[in-house]
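This is structure.csv. It holds CSV, C-alpha atoms.
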```csv
chain,number,residue,atom,x,y,z
F,174,MET,CA,-35.5,0.0,-46.0
F,175,PHE,CA,-36.0,1.6,-49.4
F,176,GLU,CA,-34.4,-1.3,-51.4
F,177,GLU,CA,-37.7,-3.1,-51.9
F,178,TYR,CA,-39.2,0.0,-53.5
F,179,ASP,CA,-36.4,1.3,-55.6
F,180,GLU,CA,-37.0,-0.5,-58.9
F,181,TYR,CA,-38.2,2.7,-60.5
F,182,PHE,CA,-38.2,6.2,-59.2
F,183,ALA,CA,-38.8,9.8,-60.3
F,184,VAL,CA,-37.4,13.1,-58.9
F,185,GLN,CA,-39.4,16.3,-58.7
F,186,TYR,CA,-37.6,19.5,-57.6
F,187,THR,CA,-39.8,22.3,-56.2
F,188,SER,CA,-39.3,25.5,-54.3
F,189,SER,CA,-39.6,23.5,-51.1
F,190,GLY,CA,-37.0,20.9,-52.0
F,191,LYS,CA,-36.9,17.5,-53.7
F,192,ARG,CA,-39.5,14.7,-53.8
F,193,MET,CA,-38.9,11.2,-54.9
F,194,SER,CA,-41.3,8.4,-55.8
F,195,ALA,CA,-40.8,4.7,-56.5
F,196,TYR,CA,-43.2,1.9,-57.6
F,197,ASN,CA,-42.7,-1.8,-57.1
F,198,THR,CA,-44.8,-3.9,-59.6
F,199,LYS,CA,-44.6,-7.2,-57.7
F,200,LEU,CA,-45.7,-5.7,-54.4
F,201,ASN,CA,-48.0,-3.2,-56.1
F,202,ILE,CA,-46.9,-0.6,-53.6
F,203,SER,CA,-46.0,3.0,-54.2
F,204,ARG,CA,-43.8,5.0,-51.9
F,205,ILE,CA,-43.4,8.8,-51.7
F,206,LEU,CA,-40.2,10.2,-50.3
F,207,GLN,CA,-40.2,13.9,-49.4
F,208,GLY,CA,-37.6,16.6,-48.7
F,209,GLU,CA,-34.0,15.4,-48.4
F,210,GLU,CA,-34.7,11.7,-47.6
F,211,LYS,CA,-32.3,9.4,-49.3
F,212,CYS,CA,-32.6,6.2,-51.2
F,213,SER,CA,-29.8,3.6,-51.3
F,214,ASP,CA,-27.7,3.0,-54.4
F,215,ARG,CA,-29.6,5.6,-56.4
F,216,ARG,CA,-26.7,6.1,-58.8
F,217,LYS,CA,-27.5,2.8,-60.5
F,218,LYS,CA,-31.2,3.8,-61.1
F,219,GLN,CA,-32.4,5.8,-64.0
F,220,ALA,CA,-34.5,8.6,-62.7
F,221,VAL,CA,-37.3,10.4,-64.5
F,222,LEU,CA,-37.1,14.2,-63.9
F,223,VAL,CA,-40.5,15.9,-63.5
F,224,TYR,CA,-40.7,19.6,-64.4
F,225,PRO,CA,-43.4,22.3,-64.5
F,226,ALA,CA,-45.3,22.3,-67.8
F,227,SER,CA,-44.3,25.9,-68.6
F,228,ALA,CA,-40.6,25.3,-67.8
F,229,ALA,CA,-38.2,26.9,-70.3
F,230,TRP,CA,-35.3,25.0,-71.9
F,231,GLN,CA,-32.8,26.6,-69.5
F,232,TYR,CA,-34.8,25.4,-66.5
F,233,LYS,CA,-34.7,21.9,-67.7
F,234,GLN,CA,-31.0,22.0,-68.2
F,235,ASP,CA,-30.6,23.3,-64.7
F,236,LEU,CA,-32.6,20.3,-63.4
F,237,ARG,CA,-30.3,17.9,-65.2
F,238,ARG,CA,-27.2,19.6,-63.7
F,239,ARG,CA,-28.8,19.6,-60.2
F,240,ALA,CA,-29.5,15.9,-60.6
F,241,GLU,CA,-25.9,15.2,-61.7
F,242,ASN,CA,-24.6,17.1,-58.7
F,243,GLU,CA,-26.6,14.9,-56.4
F,244,ASN,CA,-25.3,11.7,-58.2
F,245,ILE,CA,-28.7,11.0,-59.7
F,246,ALA,CA,-28.7,9.3,-63.1
F,247,ALA,CA,-31.2,11.4,-65.0
F,248,GLY,CA,-32.9,9.5,-67.8
F,249,ASP,CA,-36.2,10.7,-69.1
F,250,MET,CA,-37.8,14.1,-68.5
F,251,ILE,CA,-41.6,14.7,-68.4
F,252,SER,CA,-43.8,17.7,-67.6
F,253,GLU,CA,-46.1,17.6,-64.6
F,254,ALA,CA,-49.2,17.9,-66.8
F,255,GLU,CA,-48.2,14.9,-69.0
F,256,ALA,CA,-47.3,12.9,-65.8
F,257,VAL,CA,-50.7,13.6,-64.2
F,258,VAL,CA,-52.4,12.5,-67.4
F,259,ARG,CA,-50.3,9.3,-67.5
F,260,TYR,CA,-51.4,8.7,-63.9
F,261,HIS,CA,-55.0,9.2,-65.0
F,262,CYS,CA,-54.6,6.7,-67.8
F,263,PHE,CA,-53.0,4.2,-65.5
F,264,GLN,CA,-55.9,4.6,-63.0
F,265,ASN,CA,-58.3,3.9,-65.8
F,266,LYS,CA,-56.2,1.0,-67.2
F,267,GLY,CA,-55.7,2.8,-70.5
F,268,SER,CA,-59.4,3.2,-71.2
F,269,VAL,CA,-59.2,7.0,-71.8
F,270,ARG,CA,-60.8,8.2,-75.0
F,271,ASN,CA,-58.6,9.9,-77.5
F,272,GLY,CA,-58.5,13.7,-77.6
F,273,LEU,CA,-57.4,16.5,-75.3
F,274,VAL,CA,-57.2,16.5,-71.6
F,275,ARG,CA,-57.1,20.0,-69.9
F,276,VAL,CA,-54.8,20.1,-66.9
F,277,ILE,CA,-55.1,23.1,-64.5
F,278,ASP,CA,-52.1,22.9,-62.3
F,279,ILE,CA,-52.2,25.6,-59.6
F,280,HIS,CA,-48.7,26.3,-58.1
F,281,LYS,CA,-47.6,28.6,-55.4
F,282,ASN,CA,-46.8,31.6,-57.6
F,283,ASN,CA,-48.4,30.7,-60.9
F,284,THR,CA,-50.8,28.4,-62.7
F,285,ASP,CA,-50.0,26.2,-65.7
F,286,ILE,CA,-53.0,25.4,-68.0
F,287,THR,CA,-52.0,22.6,-70.4
F,288,MET,CA,-53.8,20.9,-73.2
F,289,VAL,CA,-52.5,17.3,-73.2
F,290,ARG,CA,-53.2,15.2,-76.3
F,291,VAL,CA,-54.0,11.5,-75.7
F,292,ASP,CA,-54.3,8.9,-78.4
F,293,GLU,CA,-53.5,5.2,-78.7
F,294,SER,CA,-49.8,5.7,-79.1
F,295,ARG,CA,-48.8,8.6,-76.9
F,296,VAL,CA,-49.5,11.2,-74.2
F,297,LYS,CA,-48.0,14.5,-75.1
F,298,ALA,CA,-48.6,18.2,-74.2
F,299,ALA,CA,-50.0,20.1,-77.1
F,300,LEU,CA,-50.4,23.6,-75.8
F,301,CYS,CA,-49.5,25.3,-72.5
F,302,HIS,CA,-50.1,28.7,-71.0
F,303,CYS,CA,-48.7,30.0,-67.7
F,304,ILE,CA,-50.3,32.9,-65.8
F,305,PRO,CA,-49.0,34.7,-62.6
F,306,VAL,CA,-51.9,33.6,-60.4
F,307,GLY,CA,-51.5,30.9,-57.8
F,308,GLY,CA,-51.9,29.9,-54.2
F,309,ASP,CA,-50.0,33.0,-53.0
F,310,THR,CA,-52.7,35.1,-54.8
F,311,LEU,CA,-55.3,33.8,-52.3
F,312,THR,CA,-52.9,34.4,-49.4
F,313,GLU,CA,-52.5,38.0,-50.6
F,314,LYS,CA,-56.3,38.5,-50.8
F,315,MET,CA,-56.8,37.2,-47.3
F,316,LEU,CA,-54.0,39.4,-46.0
F,317,ARG,CA,-55.7,42.5,-47.5
F,318,TYR,CA,-59.0,41.2,-46.0
F,319,TYR,CA,-57.5,41.1,-42.5
F,320,MET,CA,-55.7,44.4,-42.9
F,321,ASP,CA,-58.9,46.1,-43.8
F,322,LYS,CA,-60.5,44.7,-40.7
F,323,LEU,CA,-57.6,46.0,-38.5
F,324,ALA,CA,-57.9,49.4,-40.1
F,325,ARG,CA,-61.6,49.6,-39.1
F,326,VAL,CA,-60.7,49.0,-35.4
F,327,LYS,CA,-57.8,51.5,-35.3
F,328,GLY,CA,-55.2,48.8,-35.8
F,329,ASP,CA,-54.0,49.8,-39.2
F,330,ILE,CA,-50.6,48.2,-40.0
F,331,THR,CA,-50.2,49.8,-43.5
F,332,GLY,CA,-46.5,50.5,-44.1
F,333,ASP,CA,-45.3,48.4,-41.1
F,334,MET,CA,-43.5,45.5,-42.8
F,335,ARG,CA,-42.8,43.6,-39.6
F,336,SER,CA,-46.6,43.5,-38.9
F,337,ILE,CA,-47.5,42.7,-42.5
F,338,CYS,CA,-45.1,39.8,-42.7
F,339,ALA,CA,-46.4,38.4,-39.4
F,340,LEU,CA,-50.0,38.7,-40.6
F,341,LYS,CA,-49.1,37.2,-43.9
F,342,ASP,CA,-47.9,34.0,-42.2
F,343,ARG,CA,-51.1,33.8,-40.2
F,344,SER,CA,-53.1,34.4,-43.3
F,345,GLU,CA,-51.3,31.4,-45.0
F,346,ASN,CA,-52.2,29.2,-42.1
F,347,ALA,CA,-55.8,30.3,-42.1
F,348,LYS,CA,-55.9,29.6,-45.9
F,349,LEU,CA,-54.8,26.0,-45.3
F,350,ARG,CA,-57.3,25.5,-42.5
F,351,MET,CA,-60.2,26.8,-44.6
F,352,GLY,CA,-59.1,24.8,-47.6
F,353,LYS,CA,-58.7,21.4,-45.8
F,354,ASN,CA,-61.7,21.7,-43.5
F,355,ARG,CA,-65.4,22.5,-43.9
F,356,LEU,CA,-65.2,25.4,-41.5
F,357,LYS,CA,-67.9,28.0,-41.7
F,358,THR,CA,-65.5,30.5,-40.0
F,359,ASP,CA,-61.9,30.6,-39.0
F,360,GLU,CA,-60.4,32.9,-36.4
F,361,PHE,CA,-57.2,33.5,-34.6
F,362,ILE,CA,-55.6,36.0,-32.2
F,363,PHE,CA,-53.1,38.4,-33.9
F,364,ARG,CA,-50.7,40.4,-31.7
F,365,SER,CA,-49.6,43.3,-33.9
F,366,PRO,CA,-45.9,44.0,-33.6
F,367,LYS,CA,-46.7,47.6,-34.4
F,368,ASP,CA,-48.7,48.4,-31.2
F,369,ASN,CA,-48.5,45.0,-29.3
F,370,VAL,CA,-52.3,44.9,-29.1
F,371,ARG,CA,-54.1,41.5,-29.5
F,372,TYR,CA,-56.8,41.4,-32.1
F,373,LEU,CA,-59.3,38.7,-32.9
F,374,LEU,CA,-59.4,38.2,-36.6
F,375,ARG,CA,-62.1,36.1,-38.3
F,376,ILE,CA,-62.9,35.1,-41.9
F,377,PHE,CA,-66.2,33.7,-43.1
F,378,ARG,CA,-66.7,30.9,-45.6
F,379,GLU,CA,-68.6,33.1,-48.0
F,380,ASP,CA,-65.7,35.6,-48.1
F,381,TYR,CA,-63.2,32.9,-48.5
F,382,ASN,CA,-65.2,31.3,-51.4
F,383,ARG,CA,-65.6,34.7,-53.0
F,384,MET,CA,-61.8,35.1,-53.1
F,385,ILE,CA,-61.4,31.7,-54.7
F,386,SER,CA,-64.1,32.5,-57.3
F,387,GLU,CA,-62.1,35.7,-58.2
F,388,ILE,CA,-58.9,33.6,-58.6
F,389,MET,CA,-60.6,30.9,-60.7
F,390,GLU,CA,-62.2,33.5,-62.9
F,391,MET,CA,-58.7,34.8,-63.8
F,392,ILE,CA,-57.7,31.2,-64.6
F,393,PHE,CA,-60.8,30.6,-66.7
F,394,SER,CA,-60.2,33.8,-68.6
F,395,ALA,CA,-56.7,32.6,-69.5
F,396,ASP,CA,-58.0,29.1,-70.4
F,397,ASP,CA,-60.6,30.7,-72.8
F,398,LYS,CA,-57.7,32.2,-74.8
F,399,LEU,CA,-55.8,28.9,-74.8
F,400,LEU,CA,-59.0,27.0,-75.9
F,401,GLU,CA,-59.4,29.5,-78.8
F,402,LYS,CA,-55.8,28.8,-79.8
F,403,ALA,CA,-56.4,25.1,-79.6
F,404,GLY,CA,-59.4,25.5,-81.9
F,405,GLN,CA,-57.2,27.3,-84.5
F,406,TYR,CA,-55.0,24.2,-84.5
F,407,GLY,CA,-58.1,22.0,-85.2
F,408,TYR,CA,-58.3,20.4,-81.7
F,409,GLU,CA,-61.7,19.4,-80.3
F,410,ARG,CA,-62.8,20.7,-76.9
F,411,PRO,CA,-61.3,18.7,-74.0
F,412,GLY,CA,-63.6,16.0,-72.6
F,413,THR,CA,-61.7,15.7,-69.4
F,414,VAL,CA,-60.5,18.4,-67.0
F,415,ILE,CA,-57.9,17.5,-64.3
F,416,LEU,CA,-57.4,20.0,-61.4
F,417,ALA,CA,-54.0,19.6,-59.8
F,418,GLY,CA,-51.8,21.7,-57.5
F,419,GLY,CA,-52.2,23.3,-54.1
F,420,MET,CA,-55.9,24.2,-54.3
F,421,ASN,CA,-57.2,21.0,-55.8
F,422,GLY,CA,-58.6,19.8,-52.5
F,423,CYS,CA,-60.8,22.9,-51.9
F,424,GLU,CA,-64.4,21.9,-52.5
F,425,HIS,CA,-65.4,25.4,-53.8
F,426,CYS,CA,-62.5,25.3,-56.2
F,427,ILE,CA,-63.7,22.0,-57.6
F,428,LYS,CA,-67.3,23.3,-57.7
F,429,GLU,CA,-66.1,26.3,-59.8
F,430,VAL,CA,-64.4,24.0,-62.3
F,431,ARG,CA,-67.4,21.7,-62.6
F,432,GLU,CA,-69.7,24.7,-63.2
F,433,ARG,CA,-67.4,26.1,-65.8
F,434,TYR,CA,-67.0,22.8,-67.7
F,435,PRO,CA,-70.4,21.1,-67.3
F,436,ASP,CA,-70.0,18.8,-70.3
F,437,ALA,CA,-66.5,17.5,-69.2
F,438,SER,CA,-65.4,14.9,-66.7
F,439,VAL,CA,-63.8,16.9,-63.9
F,440,LEU,CA,-61.2,15.1,-61.7
F,441,SER,CA,-59.0,16.3,-58.9
F,442,TYR,CA,-55.6,14.8,-58.1
F,443,LYS,CA,-53.0,15.7,-55.6
F,444,CYS,CA,-50.3,16.9,-58.0
F,445,ARG,CA,-47.3,15.8,-55.9
F,446,ASP,CA,-48.4,12.2,-55.9
F,447,ALA,CA,-50.1,12.0,-59.3
F,448,ALA,CA,-47.2,13.7,-61.1
F,449,ILE,CA,-44.3,11.7,-59.7
F,450,LEU,CA,-46.2,8.4,-59.7
F,451,GLY,CA,-47.4,9.0,-63.2
F,452,ALA,CA,-43.9,9.5,-64.3
F,453,VAL,CA,-42.9,6.0,-63.3
F,454,PHE,CA,-46.1,4.0,-63.8
F,455,PRO,CA,-45.8,3.6,-67.6
F,456,LYS,CA,-42.2,2.5,-67.3
F,457,SER,CA,-43.0,-0.2,-64.8
F,458,GLU,CA,-46.1,-1.3,-66.8
F,459,ARG,CA,-44.5,-1.1,-70.3
F,460,GLY,CA,-46.1,-3.5,-72.6
F,461,ARG,CA,-49.2,-4.1,-70.6
F,462,MET,CA,-51.0,-0.9,-71.4
F,463,LYS,CA,-52.8,-0.2,-74.7
F,464,TRP,CA,-51.0,3.2,-74.8
F,465,LYS,CA,-47.3,3.9,-74.9
F,466,VAL,CA,-45.2,6.9,-73.7
```
Could you render the structure from this file as structure tokens?
Amino acid sequence: MFEEYDEYFAVQYTSSGKRMSAYNTKLNISRILQGEEKCSDRRKKQAVLVYPASAAWQYKQDLRRRAENENIAAGDMISEAEAVVRYHCFQNKGSVRNGLVRVIDIHKNNTDITMVRVDESRVKAALCHCIPVGGDTLTEKMLRYYMDKLARVKGDITGDMRSICALKDRSENAKLRMGKNRLKTDEFIFRSPKDNVRYLLRIFREDYNRMISEIMEMIFSADDKLLEKAGQYGYERPGTVILAGGMNGCEHCIKEVRERYPDASVLSYKCRDAAILGAVFPKSERGRMKWKV
């Protein structure tokens, strides 16, 4: 089934497993494989390994070893930020003005802020900064929000790890529902393992947005420092900002980015698709584009 797609493919390892992408130039079809799905005869194909922009040298070596252990012929390697910008260039048929592109890639446990340099001959990361703020930060904020509500109705679970873990899982689900839908409120029934009492827990959109604003402010603060460093190297301010990662679909998150960078073109890409497709697009289109990689 996969044979008609496997002309090119990329491999991305994440905390949740492996993802693969392939692109067929004749059919003009892309295919995303997730988890542990297999592709046939992959030993004969040169894979592009995709890694986090802030990954250290040892991490990259570990990726190569893991690929070898799974009989994947690892050819090129590319950072997620560079791959996302490649995807952006491909979407615009190469008509991207020279200069810097700011990529804000929000992961589960951290955020990579990368300045990617684009010119007529290459797409290359220039500067990168990683901060310990990510999707889990929002989950923790929501967990504390619900715990405070429980404490006010004599359902305090402070110190009870079983109850806290159970509520954290429910907080993660509530975060995803609020992020993917335009809900004014979200609510669920929580049965506390501590006292076996059922509680109705509710979060309002304004409180959810406030937490996002607090997280984005921490990201923007780190970006200001990176932008100052970029200025010291003589780089101009980025004219394009790409928001990627787990919170890129949240409307309030996008709104915060647009308000922060009013003079820049702000785009939002689903990082999983954009990164792994961006890793293989230029290879399949080599010679057609005005830019090379």
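When only C-alpha atoms are used to measure the gap to Val439 (chain F), the shortest distance among F:Val414, F:Tyr319, F:Arg290, F:Ala452 belongs to F:Val414.
Residue nearest Glu253 (chain F), chosen from F:Lys398, F:Arg295, F:Thr312, F:Tyr186 and counting all atoms listed in the file: F:Tyr186.
The gap separating CA of Asp309 (chain F) from CA of Asn369 (chain F) is 26.6 Å, in Å to one decimal.
CA of Asp397 (chain F) lies 28.5 Å from CA of Leu349 (chain F).
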Nearby residues, (-60.5, 22.9, -75.5) file frame, 10 Å, all atoms listed in the file, as a short mmCIF file (atom, residue, chain, number, x, y, z; two decimals) with C-alpha atoms, in the coordinates of the input:
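Okay, result.cif is ready:
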```cif
data_model
loop_
_atom_site.label_atom_id
_atom_site.label_comp_id
_atom_site.auth_asym_id
_atom_site.auth_seq_id
_atom_site.Cartn_x
_atom_site.Cartn_y
_atom_site.Cartn_z
CA GLY F 272 -58.50 13.70 -77.60
CA LEU F 273 -57.40 16.50 -75.30
CA VAL F 274 -57.20 16.50 -71.60
CA ARG F 275 -57.10 20.00 -69.90
CA THR F 287 -52.00 22.60 -70.40
CA MET F 288 -53.80 20.90 -73.20
CA ASP F 396 -58.00 29.10 -70.40
CA ASP F 397 -60.60 30.70 -72.80
CA LYS F 398 -57.70 32.20 -74.80
CA LEU F 399 -55.80 28.90 -74.80
CA LEU F 400 -59.00 27.00 -75.90
CA GLU F 401 -59.40 29.50 -78.80
CA LYS F 402 -55.80 28.80 -79.80
CA ALA F 403 -56.40 25.10 -79.60
CA GLY F 404 -59.40 25.50 -81.90
CA TYR F 408 -58.30 20.40 -81.70
CA GLU F 409 -61.70 19.40 -80.30
CA ARG F 410 -62.80 20.70 -76.90
CA PRO F 411 -61.30 18.70 -74.00
CA GLY F 412 -63.60 16.00 -72.60
CA THR F 413 -61.70 15.70 -69.40
CA VAL F 414 -60.50 18.40 -67.00
#
```
Give me region 274-285 of chain F with all heavy atoms filled in, as a PDB file, in the frame of the given file.
```pdb
ATOM      1  N   VAL F 274     -56.936  16.471 -72.990  1.00  0.00           N
ATOM      2  CA  VAL F 274     -57.200  16.500 -71.600  1.00  0.00           C
ATOM      3  C   VAL F 274     -56.697  17.886 -71.078  1.00  0.00           C
ATOM      4  O   VAL F 274     -55.545  18.242 -71.316  1.00  0.00           O
ATOM      5  CB  VAL F 274     -56.526  15.403 -70.785  1.00  0.00           C
ATOM      6  CG1 VAL F 274     -56.752  15.577 -69.288  1.00  0.00           C
ATOM      7  CG2 VAL F 274     -57.038  14.050 -71.253  1.00  0.00           C
ATOM      8  N   ARG F 275     -57.553  18.656 -70.415  1.00  0.00           N
ATOM      9  CA  ARG F 275     -57.100  20.000 -69.900  1.00  0.00           C
ATOM     10  C   ARG F 275     -56.628  19.744 -68.454  1.00  0.00           C
ATOM     11  O   ARG F 275     -57.334  19.197 -67.612  1.00  0.00           O
ATOM     12  CB  ARG F 275     -58.326  20.920 -69.891  1.00  0.00           C
ATOM     13  CG  ARG F 275     -58.030  22.276 -69.272  1.00  0.00           C
ATOM     14  CD  ARG F 275     -59.296  23.067 -69.031  1.00  0.00           C
ATOM     15  NE  ARG F 275     -59.835  23.687 -70.229  1.00  0.00           N
ATOM     16  CZ  ARG F 275     -60.931  23.266 -70.848  1.00  0.00           C
ATOM     17  NH1 ARG F 275     -61.592  22.206 -70.401  1.00  0.00           N
ATOM     18  NH2 ARG F 275     -61.385  23.890 -71.917  1.00  0.00           N
ATOM     19  N   VAL F 276     -55.394  20.181 -68.193  1.00  0.00           N
ATOM     20  CA  VAL F 276     -54.800  20.100 -66.900  1.00  0.00           C
ATOM     21  C   VAL F 276     -54.619  21.489 -66.313  1.00  0.00           C
ATOM     22  O   VAL F 276     -53.902  22.300 -66.902  1.00  0.00           O
ATOM     23  CB  VAL F 276     -53.458  19.341 -66.872  1.00  0.00           C
ATOM     24  CG1 VAL F 276     -52.875  19.289 -65.454  1.00  0.00           C
ATOM     25  CG2 VAL F 276     -53.620  17.929 -67.424  1.00  0.00           C
ATOM     26  N   ILE F 277     -55.279  21.794 -65.203  1.00  0.00           N
ATOM     27  CA  ILE F 277     -55.100  23.100 -64.500  1.00  0.00           C
ATOM     28  C   ILE F 277     -54.294  22.824 -63.279  1.00  0.00           C
ATOM     29  O   ILE F 277     -54.770  22.247 -62.297  1.00  0.00           O
ATOM     30  CB  ILE F 277     -56.497  23.684 -64.155  1.00  0.00           C
ATOM     31  CG1 ILE F 277     -57.350  23.888 -65.417  1.00  0.00           C
ATOM     32  CG2 ILE F 277     -56.318  25.006 -63.423  1.00  0.00           C
ATOM     33  CD1 ILE F 277     -58.760  24.386 -65.129  1.00  0.00           C
ATOM     34  N   ASP F 278     -53.031  23.219 -63.328  1.00  0.00           N
ATOM     35  CA  ASP F 278     -52.100  22.900 -62.300  1.00  0.00           C
ATOM     36  C   ASP F 278     -51.751  24.234 -61.529  1.00  0.00           C
ATOM     37  O   ASP F 278     -51.002  25.079 -62.031  1.00  0.00           O
ATOM     38  CB  ASP F 278     -50.806  22.319 -62.869  1.00  0.00           C
ATOM     39  CG  ASP F 278     -49.877  21.755 -61.811  1.00  0.00           C
ATOM     40  OD1 ASP F 278     -50.207  21.862 -60.622  1.00  0.00           O
ATOM     41  OD2 ASP F 278     -48.812  21.214 -62.179  1.00  0.00           O
ATOM     42  N   ILE F 279     -52.335  24.400 -60.343  1.00  0.00           N
ATOM     43  CA  ILE F 279     -52.200  25.600 -59.600  1.00  0.00           C
ATOM     44  C   ILE F 279     -50.979  25.523 -58.655  1.00  0.00           C
ATOM     45  O   ILE F 279     -50.997  24.754 -57.692  1.00  0.00           O
ATOM     46  CB  ILE F 279     -53.456  25.950 -58.772  1.00  0.00           C
ATOM     47  CG1 ILE F 279     -54.674  26.009 -59.699  1.00  0.00           C
ATOM     48  CG2 ILE F 279     -53.304  27.265 -58.017  1.00  0.00           C
ATOM     49  CD1 ILE F 279     -55.993  26.213 -58.980  1.00  0.00           C
ATOM     50  N   HIS F 280     -49.934  26.288 -58.949  1.00  0.00           N
ATOM     51  CA  HIS F 280     -48.700  26.300 -58.100  1.00  0.00           C
ATOM     52  C   HIS F 280     -48.809  27.388 -57.085  1.00  0.00           C
ATOM     53  O   HIS F 280     -49.824  28.059 -56.932  1.00  0.00           O
ATOM     54  CB  HIS F 280     -47.494  26.510 -59.024  1.00  0.00           C
ATOM     55  CG  HIS F 280     -47.318  25.471 -60.084  1.00  0.00           C
ATOM     56  ND1 HIS F 280     -46.957  24.179 -59.815  1.00  0.00           N
ATOM     57  CD2 HIS F 280     -47.463  25.553 -61.439  1.00  0.00           C
ATOM     58  CE1 HIS F 280     -46.875  23.500 -60.944  1.00  0.00           C
ATOM     59  NE2 HIS F 280     -47.186  24.309 -61.937  1.00  0.00           N
ATOM     60  N   LYS F 281     -47.711  27.587 -56.396  1.00  0.00           N
ATOM     61  CA  LYS F 281     -47.600  28.600 -55.400  1.00  0.00           C
ATOM     62  C   LYS F 281     -47.684  30.025 -55.980  1.00  0.00           C
ATOM     63  O   LYS F 281     -48.418  30.900 -55.513  1.00  0.00           O
ATOM     64  CB  LYS F 281     -46.351  28.447 -54.560  1.00  0.00           C
ATOM     65  CG  LYS F 281     -46.187  29.406 -53.389  1.00  0.00           C
ATOM     66  CD  LYS F 281     -44.916  29.090 -52.631  1.00  0.00           C
ATOM     67  CE  LYS F 281     -44.683  30.053 -51.471  1.00  0.00           C
ATOM     68  NZ  LYS F 281     -45.712  29.945 -50.426  1.00  0.00           N
ATOM     69  N   ASN F 282     -46.899  30.234 -57.047  1.00  0.00           N
ATOM     70  CA  ASN F 282     -46.800  31.600 -57.600  1.00  0.00           C
ATOM     71  C   ASN F 282     -47.447  31.726 -58.991  1.00  0.00           C
ATOM     72  O   ASN F 282     -47.562  32.838 -59.491  1.00  0.00           O
ATOM     73  CB  ASN F 282     -45.298  31.957 -57.767  1.00  0.00           C
ATOM     74  CG  ASN F 282     -44.582  31.969 -56.431  1.00  0.00           C
ATOM     75  OD1 ASN F 282     -45.066  32.555 -55.469  1.00  0.00           O
ATOM     76  ND2 ASN F 282     -43.435  31.311 -56.360  1.00  0.00           N
ATOM     77  N   ASN F 283     -47.843  30.629 -59.608  1.00  0.00           N
ATOM     78  CA  ASN F 283     -48.400  30.700 -60.900  1.00  0.00           C
ATOM     79  C   ASN F 283     -49.322  29.500 -61.193  1.00  0.00           C
ATOM     80  O   ASN F 283     -49.401  28.588 -60.366  1.00  0.00           O
ATOM     81  CB  ASN F 283     -47.348  30.829 -62.021  1.00  0.00           C
ATOM     82  CG  ASN F 283     -46.333  29.702 -61.929  1.00  0.00           C
ATOM     83  OD1 ASN F 283     -46.676  28.527 -61.972  1.00  0.00           O
ATOM     84  ND2 ASN F 283     -45.068  30.058 -61.786  1.00  0.00           N
ATOM     85  N   THR F 284     -49.960  29.499 -62.337  1.00  0.00           N
ATOM     86  CA  THR F 284     -50.800  28.400 -62.700  1.00  0.00           C
ATOM     87  C   THR F 284     -50.487  27.993 -64.167  1.00  0.00           C
ATOM     88  O   THR F 284     -50.431  28.850 -65.059  1.00  0.00           O
ATOM     89  CB  THR F 284     -52.307  28.754 -62.640  1.00  0.00           C
ATOM     90  OG1 THR F 284     -52.645  29.001 -61.272  1.00  0.00           O
ATOM     91  CG2 THR F 284     -53.188  27.644 -63.174  1.00  0.00           C
ATOM     92  N   ASP F 285     -50.258  26.705 -64.389  1.00  0.00           N
ATOM     93  CA  ASP F 285     -50.000  26.200 -65.700  1.00  0.00           C
ATOM     94  C   ASP F 285     -51.353  25.567 -66.225  1.00  0.00           C
ATOM     95  O   ASP F 285     -51.938  24.701 -65.569  1.00  0.00           O
ATOM     96  CB  ASP F 285     -48.970  25.077 -65.729  1.00  0.00           C
ATOM     97  CG  ASP F 285     -47.570  25.636 -65.550  1.00  0.00           C
ATOM     98  OD1 ASP F 285     -47.358  26.797 -65.931  1.00  0.00           O
ATOM     99  OD2 ASP F 285     -46.696  24.920 -65.037  1.00  0.00           O
TER     100      ASP F 285
END
```
